[in-house]
Amino acid sequence: MRMLTRRLFLASAAMAGWLSSKAALTNTPGALPTARKSGGMGLLDALSERRSTRLYSDRTIDDDILSTLLWCAFGVNRPESGYRTAPSWRSSMETDIYVADAGGVRKFDPVTQSAKSVLAQDIRGKASPQPFIGTAPTVLVYVADRFRMYEASEEEQIQSAHVDAAIIAQNVYLYCASVGLGTCLVGGADKSGLAQILDLPESQIVTFVQPVGYPQAG
Ligand SMILES: Cc1cc2nc3c(=O)[nH]c(=O)nc-3n(C[C@H](O)[C@H](O)[C@H](O)COP(=O)(O)O)c2cc1C
């Protein structure tokens, strides 16, 4: 992995981006509704509302809201460069977001704004030993591909991957606060169990999970 030159890495990343853009022009499987990218609650009001929620109602999250949530989390906000709504270590953009709900698991593709099915299994209850996570209608699983951070030492990869995911999580917190959703960043996930379930290669690690749902009234 360390032998890979930056030039080769960027060339292959650009090719992957080009292929993804081509896919967007055709019939993208798992295409999400267009994400909302302006308006909404003011930032200061959203910060005033931000909090961790651990009691969720049964109400599910529709795809319009999910699409905007994922865009806020780590969507493309500068199409000319492919850069995102959250910063990342040396713009490695190593975090992939998996969306787990009752129907299974989908993987978010920020370039095509789609979420393709990767597993037809409800894994929410297996995401963490903390039972409240499995009660949320949607659980985000943050996975860092350390291959995209090949220039860093293993220690730096792991540390930066957690920092990057936590910034994404704060974007999710703020969007949730702005639309009346509840969420909670969870470090106490069953990371190795999730890696096994998702069949992740060795270079990829689960950093956090983040349940999302409408707060239970009362
Ligand atoms: C890195 C990190 C890991 C966290 N892990 C958990 C967790 O495993 N379980 C949990 O219930 N909350 C977790 N939290 C949420 C904190 O407990 C919560 O942010 C804190 O109690 C403050 O509450 P507030 O978010 O409502 O301000 C975590 C927060 C951070 C930043």
# chains A, B, ... in the order shown; residues from 1 in each chain; ligands from 1
call {"tool": "residues_near_ligand", "arguments": {"ligand": "ligand 1", "cutoff": "6 Å", "atoms": "only C-alpha atoms and all ligand atoms", "output": "VMD selection string"}}
result
chain A and resid 51 to 52 184 to 188
call {"tool": "select_by_dssp", "arguments": {"residues": "segment 38-194 of chain A", "states": "strand (DSSP E)", "output": "ChimeraX atom specification"}}
result
/A:76-78,83-84,95-101,104-109,114-119,138-145,182-183
call {"tool": "closest_residue", "arguments": {"among": "A:Ala46, A:Leu194, A:Val143, A:Val111", "to": "Pro129 of chain A", "atoms": "only C-alpha atoms"}}
result
A:Leu194
call {"tool": "closest_residue", "arguments": {"among": "A:Gln113, A:Glu151, A:Gln121, A:Ala165", "to": "Pro29 of chain A", "atoms": "only C-alpha atoms"}}
result
A:Gln113
call {"tool": "residues_around", "arguments": {"residues": "segment 205-213 of chain A", "least_positions_apart": "5", "cutoff": "9 Å", "atoms": "only C-alpha atoms", "output": "number ranges by chain"}}
result
A: 53-61, 95, 124, 127-128, 132-146, 158, 161-162, 165-166, 169, 172, 176, 181-192, 194-195, 200
call {"tool": "closest_atom_pairs", "arguments": {"of": "segment 95-180 of chain A", "to": "segment 63-84 of chain A", "cutoff": "9 Å", "atoms": "only C-alpha atoms", "output": "JSON lines"}}
result
{"residue": "A:Thr95", "atom": "CA", "partner": "A:Phe74", "partner_atom": "CA", "distance": 8.4}
{"residue": "A:Asp96", "atom": "CA", "partner": "A:Phe74", "partner_atom": "CA", "distance": 8.7}
{"residue": "A:Ile97", "atom": "CA", "partner": "A:Leu70", "partner_atom": "CA", "distance": 8.2}
{"residue": "A:Phe108", "atom": "CA", "partner": "A:Leu70", "partner_atom": "CA", "distance": 7.5}
{"residue": "A:Asp109", "atom": "CA", "partner": "A:Gly75", "partner_atom": "CA", "distance": 8.5}
{"residue": "A:Pro110", "atom": "CA", "partner": "A:Gly75", "partner_atom": "CA", "distance": 5.0}
{"residue": "A:Val111", "atom": "CA", "partner": "A:Val76", "partner_atom": "CA", "distance": 6.6}
{"residue": "A:Gln113", "atom": "CA", "partner": "A:Ser67", "partner_atom": "CA", "distance": 7.4}
{"residue": "A:Ser114", "atom": "CA", "partner": "A:Ser67", "partner_atom": "CA", "distance": 8.1}
{"residue": "A:Ala115", "atom": "CA", "partner": "A:Ser67", "partner_atom": "CA", "distance": 8.8}
{"residue": "A:Ile167", "atom": "CA", "partner": "A:Ala73", "partner_atom": "CA", "distance": 8.5}
{"residue": "A:Ile168", "atom": "CA", "partner": "A:Ala73", "partner_atom": "CA", "distance": 5.0}
{"residue": "A:Ala169", "atom": "CA", "partner": "A:Ala73", "partner_atom": "CA", "distance": 6.7}
{"residue": "A:Gln170", "atom": "CA", "partner": "A:Ala73", "partner_atom": "CA", "distance": 8.0}
{"residue": "A:Asn171", "atom": "CA", "partner": "A:Ala73", "partner_atom": "CA", "distance": 5.2}
{"residue": "A:Val172", "atom": "CA", "partner": "A:Ala73", "partner_atom": "CA", "distance": 5.3}
{"residue": "A:Tyr173", "atom": "CA", "partner": "A:Ala73", "partner_atom": "CA", "distance": 8.9}
{"residue": "A:Leu174", "atom": "CA", "partner": "A:Cys72", "partner_atom": "CA", "distance": 8.8}
{"residue": "A:Tyr175", "atom": "CA", "partner": "A:Leu69", "partner_atom": "CA", "distance": 6.4}
{"residue": "A:Cys176", "atom": "CA", "partner": "A:Leu69", "partner_atom": "CA", "distance": 7.6}
{"residue": "A:Val179", "atom": "CA", "partner": "A:Ile65", "partner_atom": "CA", "distance": 8.7}
call {"tool": "atom_distance", "arguments": {"atom1": "atom CA of Gly40 of chain A", "atom2": "atom CA of Pro215 of chain A"}}
result
19.2 Å
call {"tool": "closest_residue", "arguments": {"among": "A:Gly218, A:Gly103, A:Gly42, A:Gly30", "to": "Ala120 of chain A", "atoms": "only C-alpha atoms"}}
result
A:Gly103
call {"tool": "atom_distance", "arguments": {"atom1": "atom CA of Asp199 of chain A", "atom2": "atom CA of Leu32 of chain A"}}
result
24.2 Å
call {"tool": "closest_residue", "arguments": {"among": "A:Leu43, A:Ala31, A:Ser153, A:Val163", "to": "Ala86 of chain A", "atoms": "only C-alpha atoms"}}
result
A:Val163
call {"tool": "atom_distance", "arguments": {"atom1": "atom CA of Ala177 of chain A", "atom2": "atom CA of Asp62 of chain A"}}
result
16.4 Å
call {"tool": "decode", "arguments": {"residues": "segment 124-153 of chain A", "atoms": "N, CA and C atoms", "output": "mmCIF file, in the first residue's frame"}}
result
data_model
loop_
_atom_site.group_PDB
_atom_site.id
_atom_site.type_symbol
_atom_site.label_atom_id
_atom_site.label_comp_id
_atom_site.auth_asym_id
_atom_site.auth_seq_id
_atom_site.Cartn_x
_atom_site.Cartn_y
_atom_site.Cartn_z
ATOM 1 N N ARG A 124 -29.351 -3.249 12.711
ATOM 2 C CA ARG A 124 -29.343 -2.163 13.707
ATOM 3 C C ARG A 124 -29.083 -2.667 15.128
ATOM 4 N N GLY A 125 -29.696 -3.798 15.464
ATOM 5 C CA GLY A 125 -29.559 -4.328 16.823
ATOM 6 C C GLY A 125 -28.165 -4.884 17.108
ATOM 7 N N LYS A 126 -27.380 -5.046 16.050
ATOM 8 C CA LYS A 126 -26.031 -5.602 16.221
ATOM 9 C C LYS A 126 -24.959 -4.523 16.200
ATOM 10 N N ALA A 127 -25.378 -3.272 16.037
ATOM 11 C CA ALA A 127 -24.398 -2.199 15.843
ATOM 12 C C ALA A 127 -23.632 -1.862 17.117
ATOM 13 N N SER A 128 -24.243 -2.129 18.272
ATOM 14 C CA SER A 128 -23.626 -1.736 19.540
ATOM 15 C C SER A 128 -24.234 -2.532 20.673
ATOM 16 N N PRO A 129 -23.462 -2.748 21.738
ATOM 17 C CA PRO A 129 -24.063 -3.385 22.922
ATOM 18 C C PRO A 129 -25.030 -2.454 23.654
ATOM 19 N N GLN A 130 -25.040 -1.161 23.297
ATOM 20 C CA GLN A 130 -25.978 -0.226 23.936
ATOM 21 C C GLN A 130 -27.329 -0.347 23.229
ATOM 22 N N PRO A 131 -28.350 -0.852 23.947
ATOM 23 C CA PRO A 131 -29.598 -1.247 23.283
ATOM 24 C C PRO A 131 -30.348 -0.119 22.573
ATOM 25 N N PHE A 132 -30.175 1.149 22.995
ATOM 26 C CA PHE A 132 -30.991 2.207 22.376
ATOM 27 C C PHE A 132 -30.674 2.374 20.885
ATOM 28 N N ILE A 133 -29.495 1.969 20.473
ATOM 29 C CA ILE A 133 -29.110 2.177 19.075
ATOM 30 C C ILE A 133 -30.015 1.367 18.135
ATOM 31 N N GLY A 134 -30.322 0.154 18.550
ATOM 32 C CA GLY A 134 -31.182 -0.712 17.727
ATOM 33 C C GLY A 134 -32.629 -0.264 17.662
ATOM 34 N N THR A 135 -33.007 0.703 18.498
ATOM 35 C CA THR A 135 -34.397 1.184 18.481
ATOM 36 C C THR A 135 -34.592 2.349 17.506
ATOM 37 N N ALA A 136 -33.521 2.884 16.977
ATOM 38 C CA ALA A 136 -33.633 4.000 16.018
ATOM 39 C C ALA A 136 -34.030 3.446 14.649
ATOM 40 N N PRO A 137 -34.860 4.173 13.899
ATOM 41 C CA PRO A 137 -35.246 3.670 12.570
ATOM 42 C C PRO A 137 -34.069 3.585 11.596
ATOM 43 N N THR A 138 -33.084 4.442 11.809
ATOM 44 C CA THR A 138 -31.922 4.472 10.903
ATOM 45 C C THR A 138 -30.647 4.577 11.733
ATOM 46 N N VAL A 139 -29.663 3.783 11.361
ATOM 47 C CA VAL A 139 -28.362 3.867 12.044
ATOM 48 C C VAL A 139 -27.281 4.080 10.976
ATOM 49 N N LEU A 140 -26.551 5.181 11.129
ATOM 50 C CA LEU A 140 -25.428 5.426 10.216
ATOM 51 C C LEU A 140 -24.195 4.715 10.765
ATOM 52 N N VAL A 141 -23.464 4.067 9.878
ATOM 53 C CA VAL A 141 -22.215 3.407 10.277
ATOM 54 C C VAL A 141 -21.093 4.071 9.485
ATOM 55 N N TYR A 142 -20.137 4.641 10.201
ATOM 56 C CA TYR A 142 -19.017 5.322 9.551
ATOM 57 C C TYR A 142 -17.852 4.353 9.399
ATOM 58 N N VAL A 143 -17.422 4.198 8.153
ATOM 59 C CA VAL A 143 -16.332 3.274 7.844
ATOM 60 C C VAL A 143 -15.205 4.056 7.177
ATOM 61 N N ALA A 144 -14.006 3.954 7.725
ATOM 62 C CA ALA A 144 -12.856 4.647 7.133
ATOM 63 C C ALA A 144 -12.031 3.658 6.322
ATOM 64 N N ASP A 145 -11.738 4.074 5.085
ATOM 65 C CA ASP A 145 -10.871 3.263 4.229
ATOM 66 C C ASP A 145 -9.448 3.804 4.372
ATOM 67 N N ARG A 146 -8.635 3.125 5.192
ATOM 68 C CA ARG A 146 -7.286 3.609 5.484
ATOM 69 C C ARG A 146 -6.388 3.598 4.245
ATOM 70 N N PHE A 147 -6.803 2.864 3.231
ATOM 71 C CA PHE A 147 -6.055 2.833 1.973
ATOM 72 C C PHE A 147 -5.976 4.241 1.369
ATOM 73 N N ARG A 148 -7.056 5.022 1.579
ATOM 74 C CA ARG A 148 -7.080 6.384 1.034
ATOM 75 C C ARG A 148 -6.199 7.338 1.849
ATOM 76 N N MET A 149 -5.646 6.850 2.957
ATOM 77 C CA MET A 149 -4.751 7.674 3.796
ATOM 78 C C MET A 149 -3.367 7.032 3.802
ATOM 79 N N TYR A 150 -2.994 6.505 2.649
ATOM 80 C CA TYR A 150 -1.779 5.679 2.588
ATOM 81 C C TYR A 150 -0.512 6.418 2.992
ATOM 82 N N GLU A 151 -0.568 7.758 2.968
ATOM 83 C CA GLU A 151 0.643 8.521 3.304
ATOM 84 C C GLU A 151 0.875 8.607 4.812
ATOM 85 N N ALA A 152 -0.117 8.244 5.597
ATOM 86 C CA ALA A 152 -0.010 8.389 7.053
ATOM 87 C C ALA A 152 0.424 7.079 7.701
ATOM 88 N N SER A 153 0.994 7.209 8.902
ATOM 89 C CA SER A 153 1.293 6.006 9.671
ATOM 90 C C SER A 153 -0.032 5.394 10.120
#
